[in-house]
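Engineer: File name run.txt; file contents compact mmCIF, C-alpha atoms and all ligand atoms; full text below.
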```txt
# COMPACT_ATOMS: atom_id res chain seq x y z
CA MET W 1 105.72 31.40 193.41
CA SER W 2 105.12 27.73 192.95
CA ASP W 3 106.78 25.49 195.49
CA ARG W 4 107.23 22.70 192.95
CA TYR W 5 111.02 22.92 193.37
CA ALA W 6 111.05 23.63 197.12
CA LYS W 7 112.89 20.47 198.19
CA GLN W 8 115.44 20.75 195.43
CA ARG W 9 116.00 24.43 196.22
CA ILE W 10 116.83 23.60 199.83
CA TYR W 11 119.72 21.51 198.56
CA LEU W 12 120.85 23.55 195.58
CA GLY W 13 120.14 27.04 196.85
CA LYS W 14 118.01 29.63 195.11
CA ASP W 15 120.53 30.73 192.50
CA ARG W 16 121.58 27.32 191.31
CA ASP W 17 117.98 26.15 191.22
CA ALA W 18 117.05 29.20 189.14
CA ARG W 19 119.80 28.37 186.66
CA LEU W 20 117.95 25.18 185.79
CA ARG W 21 114.92 27.18 184.59
CA ALA W 22 117.13 28.96 182.05
CA ALA W 23 118.88 25.81 180.83
CA ARG W 24 118.44 24.20 177.43
CA VAL W 25 119.18 20.48 177.16
CA ALA W 26 118.82 17.94 174.37
CA VAL W 27 118.30 14.27 175.20
CA VAL W 28 119.27 12.14 172.23
CA GLY W 29 117.58 8.75 172.33
CA LEU W 30 114.44 8.24 174.45
CA GLY W 31 114.92 4.56 175.09
CA ALA W 32 115.91 3.07 178.42
CA THR W 33 118.53 5.52 179.75
CA GLY W 34 117.04 8.50 177.90
CA SER W 35 113.66 7.89 179.58
CA VAL W 36 115.24 8.14 183.01
CA ILE W 37 117.44 11.13 182.21
CA ALA W 38 114.59 13.10 180.60
CA SER W 39 112.24 12.28 183.50
CA TRP W 40 114.58 13.69 186.13
CA LEU W 41 115.49 16.77 184.10
CA ALA W 42 111.83 17.56 183.35
CA ARG W 43 110.87 17.17 187.02
CA ALA W 44 113.88 19.27 188.09
CA GLY W 45 112.51 22.08 185.93
CA VAL W 46 115.15 22.31 183.21
CA GLY W 47 113.59 25.12 181.19
CA HIS W 48 113.82 23.58 177.76
CA LEU W 49 114.13 19.93 176.77
CA THR W 50 114.47 18.75 173.19
CA LEU W 51 113.75 15.03 172.85
CA VAL W 52 115.28 13.39 169.79
CA ASP W 53 114.35 9.84 168.88
CA ARG W 54 113.84 7.88 165.69
CA ASP W 55 111.95 4.82 166.92
CA LEU W 56 108.50 3.51 167.72
CA VAL W 57 107.52 2.07 171.10
CA GLU W 58 107.64 -1.75 171.01
CA ARG W 59 106.32 -4.28 173.49
CA SER W 60 109.87 -5.41 174.28
CA ASN W 61 110.74 -1.84 175.39
CA LEU W 62 108.29 -1.80 178.30
CA GLN W 63 110.52 -3.82 180.64
CA ARG W 64 112.93 -0.87 181.00
CA GLN W 65 111.73 2.24 179.15
CA ILE W 66 109.81 3.89 181.92
CA LEU W 67 108.22 6.70 179.92
CA TYR W 68 105.95 4.31 178.03
CA GLY W 69 102.94 2.16 178.78
CA GLU W 70 101.13 -0.57 176.90
CA GLY W 71 98.89 1.97 175.21
CA ASP W 72 101.94 3.64 173.63
CA ARG W 73 102.90 0.64 171.51
CA GLY W 74 103.42 1.68 167.89
CA ARG W 75 103.68 5.38 168.79
CA LEU W 76 106.71 7.52 168.09
CA LYS W 77 108.86 7.57 171.21
CA ALA W 78 109.73 11.27 170.98
CA GLU W 79 106.04 12.20 170.91
CA ALA W 80 104.91 9.77 173.57
CA ALA W 81 107.82 10.88 175.79
CA ALA W 82 106.99 14.57 175.40
CA GLU W 83 103.37 13.88 176.28
CA ARG W 84 104.28 11.90 179.42
CA LEU W 85 106.81 14.52 180.55
CA ARG W 86 104.29 17.30 180.01
CA GLU W 87 102.05 15.52 182.52
CA ALA W 88 104.93 15.61 184.99
CA ASN W 89 105.79 19.25 184.35
CA SER W 90 103.69 21.53 182.17
CA GLU W 91 105.77 24.59 183.09
CA ILE W 92 108.80 23.71 180.97
CA GLU W 93 109.25 23.78 177.20
CA LEU W 94 109.28 20.33 175.62
CA ARG W 95 110.05 19.72 171.98
CA ALA W 96 109.75 16.31 170.34
CA VAL W 97 111.95 15.70 167.31
CA VAL W 98 111.46 12.53 165.29
CA ALA W 99 114.79 12.08 163.57
CA ASP W 100 117.74 9.85 163.21
CA LEU W 101 120.93 11.64 164.22
CA THR W 102 123.32 11.76 161.27
CA SER W 103 126.25 13.89 160.20
CA GLY W 104 123.80 15.57 157.81
CA ASN W 105 121.47 16.88 160.52
CA ALA W 106 123.46 16.83 163.79
CA ARG W 107 124.58 20.46 163.73
CA GLU W 108 121.10 21.71 162.91
CA LEU W 109 119.32 19.48 165.45
CA LEU W 110 121.72 19.91 168.33
CA GLY W 111 123.06 23.45 168.03
CA GLY W 112 122.39 25.99 170.78
CA PHE W 113 122.12 23.73 173.83
CA ASP W 114 123.82 24.01 177.21
CA LEU W 115 124.18 20.24 177.46
CA LEU W 116 123.69 17.15 175.32
CA CYS W 117 122.62 13.94 177.05
CA ASP W 118 123.35 10.59 175.44
CA GLY W 119 120.37 8.29 175.68
CA THR W 120 121.44 6.28 172.64
CA ASP W 121 122.52 2.68 172.41
CA ASN W 122 125.13 3.04 169.70
CA PHE W 123 128.63 4.35 169.17
CA GLU W 124 127.84 6.00 165.88
CA ALA W 125 125.62 8.53 167.64
CA ARG W 126 128.08 8.95 170.50
CA PHE W 127 130.96 9.80 168.17
CA LEU W 128 128.69 12.39 166.54
CA LEU W 129 127.87 13.85 169.97
CA ASN W 130 131.58 13.92 170.76
CA ASP W 131 132.32 15.78 167.51
CA LEU W 132 129.57 18.31 168.24
CA SER W 133 131.05 18.81 171.67
CA ILE W 134 134.54 19.33 170.23
CA GLU W 135 133.25 21.75 167.61
CA ALA W 136 130.82 23.84 169.64
CA GLY W 137 132.28 23.42 173.13
CA THR W 138 129.00 21.98 174.43
CA PRO W 139 129.38 19.47 177.28
CA TRP W 140 127.82 16.04 176.86
CA ILE W 141 127.27 13.05 179.10
CA TYR W 142 128.02 9.55 177.88
CA THR W 143 125.56 7.04 179.34
CA GLY W 144 125.51 3.32 178.69
CA ALA W 145 123.78 0.32 180.25
CA ILE W 146 124.15 -3.28 179.22
CA GLY W 147 123.46 -6.44 181.21
CA ALA W 148 123.67 -5.19 184.81
CA GLU W 149 126.43 -2.68 184.01
CA ALA W 150 126.20 1.07 183.90
CA VAL W 151 128.77 3.49 182.49
CA ILE W 152 128.55 7.26 182.88
CA TRP W 153 131.10 9.82 181.78
CA PRO W 154 130.65 13.61 181.60
CA ILE W 155 132.74 14.98 178.72
CA HIS W 156 133.60 18.62 177.99
CA PRO W 157 136.63 19.13 175.77
CA PRO W 158 138.97 20.94 175.99
CA ARG W 159 138.37 21.14 179.79
CA THR W 160 138.22 17.35 179.95
CA ALA W 161 139.38 14.51 177.75
CA CYS W 162 137.00 13.63 174.93
CA LEU W 163 135.55 10.24 173.99
CA ARG W 164 138.25 9.73 171.36
CA CYS W 165 141.02 10.36 173.90
CA LEU W 166 139.86 7.04 175.38
CA ILE W 167 138.48 5.17 172.37
CA GLU W 168 139.85 6.49 169.10
CA GLU W 169 137.44 4.69 166.78
CA PRO W 170 133.95 3.28 167.27
CA PRO W 171 134.28 -0.44 168.07
CA SER W 172 133.17 -2.64 165.19
CA SER W 173 129.70 -3.97 165.82
CA GLY W 174 130.86 -7.54 166.47
CA ASP W 175 133.17 -6.37 169.28
CA VAL W 176 130.64 -4.86 171.64
CA ASP W 177 127.88 -6.39 173.63
CA THR W 178 124.45 -5.14 172.74
CA CYS W 179 121.12 -5.49 174.49
CA ASP W 180 120.62 -8.41 172.08
CA SER W 181 123.74 -10.31 173.06
CA ALA W 182 124.00 -9.48 176.77
CA GLY W 183 120.46 -8.46 177.67
CA VAL W 184 119.80 -5.58 180.02
CA LEU W 185 118.14 -5.19 183.41
CA GLY W 186 115.74 -2.33 184.06
CA PRO W 187 117.25 -1.23 187.40
CA ALA W 188 120.73 -1.04 185.81
CA VAL W 189 119.29 1.39 183.29
CA GLY W 190 117.72 3.29 186.18
CA VAL W 191 121.06 3.72 187.93
CA ALA W 192 122.84 4.74 184.72
CA GLY W 193 120.16 7.28 183.82
CA SER W 194 119.85 8.67 187.34
CA TRP W 195 123.61 9.03 187.73
CA ALA W 196 123.77 10.81 184.37
CA ALA W 197 120.89 13.13 185.33
CA LEU W 198 122.70 14.02 188.55
CA GLU W 199 125.84 14.89 186.60
CA ALA W 200 123.63 16.93 184.27
CA LEU W 201 122.32 18.95 187.23
CA LYS W 202 125.92 19.69 188.26
CA VAL W 203 126.87 20.84 184.77
CA LEU W 204 123.76 23.03 184.47
CA THR W 205 124.27 24.68 187.86
CA GLY W 206 127.91 25.47 187.15
CA GLU W 207 129.41 22.79 189.37
CA MET W 208 132.24 20.50 188.28
CA PRO W 209 130.86 17.15 187.17
CA GLN W 210 132.49 13.85 188.14
CA ALA W 211 135.80 13.93 186.25
CA GLU W 212 136.19 10.19 185.96
CA LEU W 213 134.38 7.55 183.98
CA ALA W 214 132.10 5.74 186.44
CA ARG W 215 131.48 2.07 185.78
CA PHE W 216 129.23 -0.14 187.89
CA ASP W 217 128.64 -3.85 187.77
CA LEU W 218 125.44 -3.66 189.76
CA TRP W 219 124.77 -7.37 189.90
CA ASN W 220 128.13 -8.14 191.45
CA GLY W 221 128.38 -4.94 193.47
CA GLU W 222 131.55 -3.71 191.78
CA ARG W 223 132.42 -0.16 190.90
CA GLN W 224 135.31 1.54 189.21
CA PHE W 225 136.25 5.12 188.57
CA LEU W 226 138.56 5.32 185.59
CA LYS W 227 140.77 8.34 185.12
CA PRO W 228 140.55 9.55 181.52
CA PRO W 229 143.91 9.65 179.70
CA LYS W 230 146.09 12.67 180.50
CA THR W 231 147.28 12.93 176.91
CA ARG W 232 144.67 14.54 174.73
CA CYS W 233 143.96 13.09 171.29
CA ARG W 234 144.59 15.00 168.08
CA PHE W 235 140.86 15.20 167.42
CA CYS W 236 139.95 17.35 170.41
CA THR W 237 143.31 19.16 170.38
CA ASP W 238 143.01 20.23 166.72
CA LYS W 239 139.19 20.25 166.61
CA VAL W 240 139.03 17.54 163.96
CA THR W 241 135.40 16.41 163.56
CA GLU W 242 135.63 13.41 161.24
CA PHE W 243 132.23 11.97 162.07
CA LEU W 244 130.37 15.23 161.53
CA ASP W 245 132.17 15.74 158.23
CA GLU W 246 131.59 12.22 156.96
CA ARG W 247 129.17 11.74 154.11
CA TRP W 248 127.32 8.57 153.24
CA THR W 249 124.09 7.83 151.44
CA LEU W 250 122.20 4.69 152.40
CA ARG W 251 122.67 2.37 155.35
CA ALA W 252 120.72 -0.64 156.50
CA SER W 253 121.12 -2.08 159.98
CA ALA W 254 119.36 -4.75 162.01
CA LEU W 255 117.17 -3.36 164.80
CA CYS W 256 118.29 -4.07 168.32
CA GLY W 257 116.05 -6.59 170.06
CA LEU W 258 113.59 -6.87 167.21
CA GLU W 259 113.17 -8.71 164.00
CA GLY W 260 113.60 -5.92 161.52
CA VAL W 261 115.82 -3.51 159.69
CA GLN W 262 116.32 0.22 159.70
CA ILE W 263 117.25 2.06 156.51
CA ARG W 264 118.84 5.46 156.88
CA VAL W 265 119.79 8.06 154.34
CA ASN W 266 122.35 10.80 154.67
CA PRO W 267 121.99 13.62 154.01
CA PRO W 268 118.36 13.24 155.10
CA GLY W 269 116.01 13.40 152.13
CA LYS W 270 112.53 14.75 151.72
CA LEU W 271 110.03 12.04 150.90
CA ASP W 272 106.67 13.07 149.52
CA LEU W 273 104.63 10.58 151.55
CA GLU W 274 101.34 11.64 149.98
CA ALA W 275 102.73 10.86 146.53
CA LEU W 276 104.23 7.57 147.68
CA LYS W 277 100.99 6.33 149.24
CA PRO W 278 99.12 5.46 145.98
CA ARG W 279 102.30 3.95 144.51
CA LEU W 280 102.76 1.65 147.49
CA GLU W 281 99.07 0.79 147.61
CA ALA W 282 99.21 -0.25 143.97
CA ARG W 283 102.34 -2.27 144.57
CA THR W 284 101.13 -4.10 147.66
CA GLU W 285 97.40 -4.12 146.86
CA SER W 286 96.69 -3.07 150.44
CA PRO W 287 95.84 0.22 152.16
CA TRP W 288 98.64 2.49 153.51
CA LYS W 289 98.14 5.17 156.16
CA VAL W 290 99.78 8.55 155.99
CA SER W 291 100.11 10.96 158.94
CA ASP W 292 102.05 14.17 159.51
CA LEU W 293 105.10 12.14 160.42
CA ALA W 294 105.02 8.82 158.66
CA LEU W 295 103.54 6.51 156.04
CA LYS W 296 102.71 3.02 157.28
CA GLY W 297 101.71 -0.20 155.55
CA GLU W 298 102.72 -3.75 154.77
CA ASP W 299 104.76 -5.25 152.00
CA GLY W 300 105.50 -8.95 151.67
CA GLY W 301 104.93 -9.76 155.36
CA ASN W 302 106.95 -6.75 156.57
CA ARG W 303 105.43 -3.84 158.45
CA VAL W 304 106.90 -0.76 156.85
CA THR W 305 107.13 2.77 158.29
CA LEU W 306 108.51 5.50 156.05
CA PHE W 307 109.46 8.91 157.44
CA ARG W 308 109.63 12.22 155.62
CA ASP W 309 113.41 12.45 156.07
CA GLY W 310 113.82 9.29 153.97
CA ARG W 311 114.25 6.85 156.81
CA ALA W 312 112.43 3.52 156.85
CA LEU W 313 111.71 0.87 159.47
CA LEU W 314 110.92 -2.60 158.20
CA HIS W 315 109.63 -5.01 160.83
CA GLY W 316 109.63 -8.59 159.66
CA PRO W 317 111.90 -11.31 158.41
CA MET W 318 113.79 -9.13 155.92
CA SER W 319 117.61 -9.13 155.97
CA PRO W 320 119.46 -5.78 155.86
CA GLU W 321 120.70 -6.58 152.34
CA ARG W 322 117.22 -7.40 151.14
CA ALA W 323 115.89 -4.26 152.84
CA ARG W 324 118.38 -2.11 150.98
CA SER W 325 117.29 -3.46 147.65
CA TRP W 326 113.63 -3.12 148.67
CA TYR W 327 114.29 0.55 149.42
CA ALA W 328 116.23 1.14 146.21
CA GLU W 329 113.47 -0.54 144.22
CA VAL W 330 110.50 1.11 145.89
CA ILE W 331 111.73 4.53 146.94
CA GLY W 332 114.85 4.92 144.83
CA SER W 333 118.19 5.93 146.29
ZN ZN U 1 140.23 13.87 172.67
```
What does the file become when written as structure tokens?
Structural biologist:
Amino acid sequence: MSDRYAKQRIYLGKDRDARLRAARVAVVGLGATGSVIASWLARAGVGHLTLVDRDLVERSNLQRQILYGEGDRGRLKAEAAAERLREANSEIELRAVVADLTSGNARELLGGFDLLCDGTDNFEARFLLNDLSIEAGTPWIYTGAIGAEAVIWPIHPPRTACLRCLIEEPPSSGDVDTCDSAGVLGPAVGVAGSWAALEALKVLTGEMPQAELARFDLWNGERQFLKPPKTRCRFCTDKVTEFLDERWTLRASALCGLEGVQIRVNPPGKLDLEALKPRLEARTESPWKVSDLALKGEDGGNRVTLFRDGRALLHGPMSPERARSWYAEVIGS
């Protein structure tokens, strides 16, 4: 028997360590916190890891997203992450999923796991994770890092309060700090991700996770443990999953930290990238490249990446409004 897990087994004991080999975990978002969480879980020998991410590696990610190097720029994060983690542990199952989590695909993508880990940077995805947790009874771990602050909260309704017991609605985008407005320090992300991974190990080995929301201001050396509300909200009490049941068609949002826009469609579509390629080449009078996953090219000074599920990334000076009309005009909606 390999002694890869020897040190961990001394602490956890043989049975709890063995439980990790049988565990199935999805990490949603392979950015800063997701990189750290996935690294620890892969090295701890969690038997199956599904890595869900929608983005490409950018130069501005390298300061804090420890799964990627300079050579990964322009690659899909889910793929690059799976490759790096495979180098760390080839004995576990790793599955890369390039997708944007929406109400249209969340059940399909994230069904059948023992734990969902939040590596995202947005409340839309977290409210979807919360709904999945309410519906399927799967525990999830909220993880956030902004500035030098880290927030970690293991959630498992109905055993614990849910996200909506504390925050009923997602804050409107102007009300929350983002990595654009407040910046973020790499080590703060490291603490957030490591703390979350530790809670994940507890959940997966049948131990009680930390019941309180842990919040650290790491620059000023402050920490708080907030007790979740005793009164449970109607959403987790009555299993109301508004975010999973919501339907919308086309959304455009500015990309965090980058000049660019993301277009998303829900339910996810099926773009015929091979058929689109000659159309776009004729339109832009420039070559476009198609791969298994994406179609890439340039239009009007914007670098465009189109995915088979209908999503598009437009890097360049385009406004979200302009990007929407570009999409409607070029792809149709
Ligand atoms: Zn609740």
Engineer: Can you work out which residues are within 7 Å of ligand ZN 1 (chain U), considering all atoms listed in the file, and then hand them over as a short mmCIF file (atom, residue, chain, number, x, y, z; two decimals) with C-alpha atoms, in the frame of the given file?
Structural biologist:
```
data_model
loop_
_atom_site.label_atom_id
_atom_site.label_comp_id
_atom_site.auth_asym_id
_atom_site.auth_seq_id
_atom_site.Cartn_x
_atom_site.Cartn_y
_atom_site.Cartn_z
CA ALA W 161 139.38 14.51 177.75
CA CYS W 162 137.00 13.63 174.93
CA LEU W 163 135.55 10.24 173.99
CA ARG W 164 138.25 9.73 171.36
CA CYS W 165 141.02 10.36 173.90
CA ARG W 232 144.67 14.54 174.73
CA CYS W 233 143.96 13.09 171.29
CA ARG W 234 144.59 15.00 168.08
CA PHE W 235 140.86 15.20 167.42
CA CYS W 236 139.95 17.35 170.41
CA THR W 237 143.31 19.16 170.38
#
```
Engineer: Compare W:Ile263, W:Ile152, W:Ala78, W:Leu306 by their minimum atom-to-atom distance to Ala200 of chain W, counting only C-alpha atoms, and give me the closest one.
Structural biologist: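 Of W:Ile263, W:Ile152, W:Ala78, W:Leu306, the one nearest Ala200 of chain W, counting only C-alpha atoms, is W:Ile152.
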Engineer: Which residue gives the smallest distance to Asp272 of chain W among W:Arg19, W:His156, W:Arg303, W:Arg308, with only C-alpha atoms counted?
Structural biologist: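 Distance minimum relative to Asp272 of chain W lands on W:Arg308.
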Engineer: With a distance cut-off of 10 Å and only C-alpha atoms, select the neighbouring residues of segment 141-143 of chain W, excluding the residue or stretch itself and same-chain residues fewer than 5 positions from it, and output the selection as a PyMOL selection string.
Structural biologist: chain W and resi 27+33-34+37+115-121+126+129-130+150-156+163+189+192-197+199-200+203+209+213-214
Engineer: Residues as selected, C-alpha atoms, written as a PDB file, keeping the file's coordinate frame, can you do that?
Structural biologist:
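Once written, again19.pdb looks like this:
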```pdb
ATOM      1  CA  VAL W  27     118.300  14.270 175.200  1.00  0.00           C
ATOM      2  CA  THR W  33     118.530   5.520 179.750  1.00  0.00           C
ATOM      3  CA  GLY W  34     117.040   8.500 177.900  1.00  0.00           C
ATOM      4  CA  ILE W  37     117.440  11.130 182.210  1.00  0.00           C
ATOM      5  CA  LEU W 115     124.180  20.240 177.460  1.00  0.00           C
ATOM      6  CA  LEU W 116     123.690  17.150 175.320  1.00  0.00           C
ATOM      7  CA  CYS W 117     122.620  13.940 177.050  1.00  0.00           C
ATOM      8  CA  ASP W 118     123.350  10.590 175.440  1.00  0.00           C
ATOM      9  CA  GLY W 119     120.370   8.290 175.680  1.00  0.00           C
ATOM     10  CA  THR W 120     121.440   6.280 172.640  1.00  0.00           C
ATOM     11  CA  ASP W 121     122.520   2.680 172.410  1.00  0.00           C
ATOM     12  CA  ARG W 126     128.080   8.950 170.500  1.00  0.00           C
ATOM     13  CA  LEU W 129     127.870  13.850 169.970  1.00  0.00           C
ATOM     14  CA  ASN W 130     131.580  13.920 170.760  1.00  0.00           C
ATOM     15  CA  ALA W 150     126.200   1.070 183.900  1.00  0.00           C
ATOM     16  CA  VAL W 151     128.770   3.490 182.490  1.00  0.00           C
ATOM     17  CA  ILE W 152     128.550   7.260 182.880  1.00  0.00           C
ATOM     18  CA  TRP W 153     131.100   9.820 181.780  1.00  0.00           C
ATOM     19  CA  PRO W 154     130.650  13.610 181.600  1.00  0.00           C
ATOM     20  CA  ILE W 155     132.740  14.980 178.720  1.00  0.00           C
ATOM     21  CA  HIS W 156     133.600  18.620 177.990  1.00  0.00           C
ATOM     22  CA  LEU W 163     135.550  10.240 173.990  1.00  0.00           C
ATOM     23  CA  VAL W 189     119.290   1.390 183.290  1.00  0.00           C
ATOM     24  CA  ALA W 192     122.840   4.740 184.720  1.00  0.00           C
ATOM     25  CA  GLY W 193     120.160   7.280 183.820  1.00  0.00           C
ATOM     26  CA  SER W 194     119.850   8.670 187.340  1.00  0.00           C
ATOM     27  CA  TRP W 195     123.610   9.030 187.730  1.00  0.00           C
ATOM     28  CA  ALA W 196     123.770  10.810 184.370  1.00  0.00           C
ATOM     29  CA  ALA W 197     120.890  13.130 185.330  1.00  0.00           C
ATOM     30  CA  GLU W 199     125.840  14.890 186.600  1.00  0.00           C
ATOM     31  CA  ALA W 200     123.630  16.930 184.270  1.00  0.00           C
ATOM     32  CA  VAL W 203     126.870  20.840 184.770  1.00  0.00           C
ATOM     33  CA  PRO W 209     130.860  17.150 187.170  1.00  0.00           C
ATOM     34  CA  LEU W 213     134.380   7.550 183.980  1.00  0.00           C
ATOM     35  CA  ALA W 214     132.100   5.740 186.440  1.00  0.00           C
TER      36      ALA W 214
END
```
Engineer: Between W:Arg215, W:Arg54, W:Lys239, W:Arg9, single out the one closest to Leu313 of chain W, counting only C-alpha atoms.
Structural biologist: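 Smallest separation from Leu313 of chain W among the options: W:Arg54.
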Engineer: When you count only C-alpha atoms, which of these residues is closest to Gly300 of chain W: W:Val98, W:Leu166, W:Leu62, W:Met318?
Structural biologist: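 Checking each of W:Val98, W:Leu166, W:Leu62, W:Met318 against Gly300 of chain W, counting only C-alpha atoms, the winner is W:Met318.
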Engineer: Under the rule that only C-alpha atoms are counted, which of W:Val265, W:Glu212, W:Ala188, W:Ala23 is the nearest residue to Thr50 of chain W?
Structural biologist: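 With only C-alpha atoms as the atom set, the closest residue is W:Ala23.
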Engineer: One decimal, in Å: what's the spacing between atom CA of Trp40 of chain W and atom CA of Ser103 of chain W?
Structural biologist: 28.4 Å
Engineer: Which one of W:Ala42, W:Leu295, W:Val52, W:Leu76 sits closest to Ala275 of chain W if you count all atoms listed in the file?
Structural biologist: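 Going through W:Ala42, W:Leu295, W:Val52, W:Leu76 one by one, the smallest distance to Ala275 of chain W is for W:Leu295.
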Engineer: What does the structure give for the distance between atom CA of Gly104 of chain W and atom CA of Pro268 of chain W, in Å to one decimal?
Structural biologist: 6.5 Å
Engineer: Rounded to one decimal, what separation in Å do you get between atom CA of Leu273 of chain W and atom CA of Ala294 of chain W?
Structural biologist: 7.3 Å
Engineer: Please provide the set of residues having any atom within 7 Å of segment 147-149 of chain W, restricted to all atoms listed in the file, with same-chain residues fewer than 5 positions apart removed, written as a list in words.
Structural biologist: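 Counting all atoms listed in the file, the residues come to Ala182, Gly183, Val184, Leu185, Ala188, Phe216, Asp217, Leu218 and Trp219 of chain W.
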Engineer: Would you kindly return, as number ranges by chain, each protein, DNA or RNA residue with an atom no farther than 10 Å from any atom of Arg107 of chain W, considering all atoms listed in the file and excluding same-chain residues fewer than 6 positions away?
Structural biologist: W: 101, 128-129, 131-132, 135-136, 244
Engineer: Excluding Lys277 of chain W and residues on its chain fewer than 5 positions from it, collect all residues at most 9 Å away from it, counting only C-alpha atoms, and give them as a PDB file with C-alpha atoms, keeping the file's coordinate frame.
Structural biologist:
```
ATOM      1  CA  ASP W 272     106.670  13.070 149.520  1.00  0.00           C
ATOM      2  CA  ALA W 282      99.210  -0.250 143.970  1.00  0.00           C
ATOM      3  CA  PRO W 287      95.840   0.220 152.160  1.00  0.00           C
ATOM      4  CA  TRP W 288      98.640   2.490 153.510  1.00  0.00           C
ATOM      5  CA  LYS W 289      98.140   5.170 156.160  1.00  0.00           C
ATOM      6  CA  VAL W 290      99.780   8.550 155.990  1.00  0.00           C
ATOM      7  CA  LEU W 295     103.540   6.510 156.040  1.00  0.00           C
ATOM      8  CA  LYS W 296     102.710   3.020 157.280  1.00  0.00           C
TER       9      LYS W 296
END
```
Engineer: Please determine an axis-aligned box that encloses all atoms of segment 218-226 of chain W listed in the file, with 6 Å added on each side, and express its centre and edge lengths in Å to one decimal as lines of an AutoDock Vina configuration file.
Structural biologist:
```
center_x = 131.7
center_y = -1.4
center_z = 189.5
size_x = 25.8
size_y = 25.5
size_z = 19.9
```
Engineer: Considering all atoms listed in the file, give me a table of residues in segment 186-279 of chain W that are at most 12 Å from segment 324-333 of chain W, with the closest atom pair and distance in Å for each, as JSON lines.
Structural biologist:
```
{"residue": "W:Trp248", "atom": "CA", "partner": "W:Ser333", "partner_atom": "CA", "distance": 11.8}
{"residue": "W:Thr249", "atom": "CA", "partner": "W:Ser333", "partner_atom": "CA", "distance": 8.1}
{"residue": "W:Leu250", "atom": "CA", "partner": "W:Ser333", "partner_atom": "CA", "distance": 7.4}
{"residue": "W:Arg251", "atom": "CA", "partner": "W:Arg324", "partner_atom": "CA", "distance": 7.6}
{"residue": "W:Ala252", "atom": "CA", "partner": "W:Arg324", "partner_atom": "CA", "distance": 6.2}
{"residue": "W:Ser253", "atom": "CA", "partner": "W:Arg324", "partner_atom": "CA", "distance": 9.4}
{"residue": "W:Ala254", "atom": "CA", "partner": "W:Arg324", "partner_atom": "CA", "distance": 11.4}
{"residue": "W:Val261", "atom": "CA", "partner": "W:Arg324", "partner_atom": "CA", "distance": 9.2}
{"residue": "W:Gln262", "atom": "CA", "partner": "W:Arg324", "partner_atom": "CA", "distance": 9.3}
{"residue": "W:Ile263", "atom": "CA", "partner": "W:Arg324", "partner_atom": "CA", "distance": 7.0}
{"residue": "W:Arg264", "atom": "CA", "partner": "W:Arg324", "partner_atom": "CA", "distance": 9.6}
{"residue": "W:Val265", "atom": "CA", "partner": "W:Ser333", "partner_atom": "CA", "distance": 8.5}
{"residue": "W:Asn266", "atom": "CA", "partner": "W:Ser333", "partner_atom": "CA", "distance": 10.5}
{"residue": "W:Pro267", "atom": "CA", "partner": "W:Ser333", "partner_atom": "CA", "distance": 11.5}
{"residue": "W:Pro268", "atom": "CA", "partner": "W:Ser333", "partner_atom": "CA", "distance": 11.4}
{"residue": "W:Gly269", "atom": "CA", "partner": "W:Ser333", "partner_atom": "CA", "distance": 9.7}
{"residue": "W:Lys270", "atom": "CA", "partner": "W:Ile331", "partner_atom": "CA", "distance": 11.3}
{"residue": "W:Leu271", "atom": "CA", "partner": "W:Ile331", "partner_atom": "CA", "distance": 8.7}
{"residue": "W:Asp272", "atom": "CA", "partner": "W:Ile331", "partner_atom": "CA", "distance": 10.3}
{"residue": "W:Leu273", "atom": "CA", "partner": "W:Ile331", "partner_atom": "CA", "distance": 10.4}
{"residue": "W:Ala275", "atom": "CA", "partner": "W:Ile331", "partner_atom": "CA", "distance": 11.0}
{"residue": "W:Leu276", "atom": "CA", "partner": "W:Ile331", "partner_atom": "CA", "distance": 8.1}
{"residue": "W:Lys277", "atom": "CA", "partner": "W:Ile331", "partner_atom": "CA", "distance": 11.1}
{"residue": "W:Arg279", "atom": "CA", "partner": "W:Val330", "partner_atom": "CA", "distance": 8.8}
```
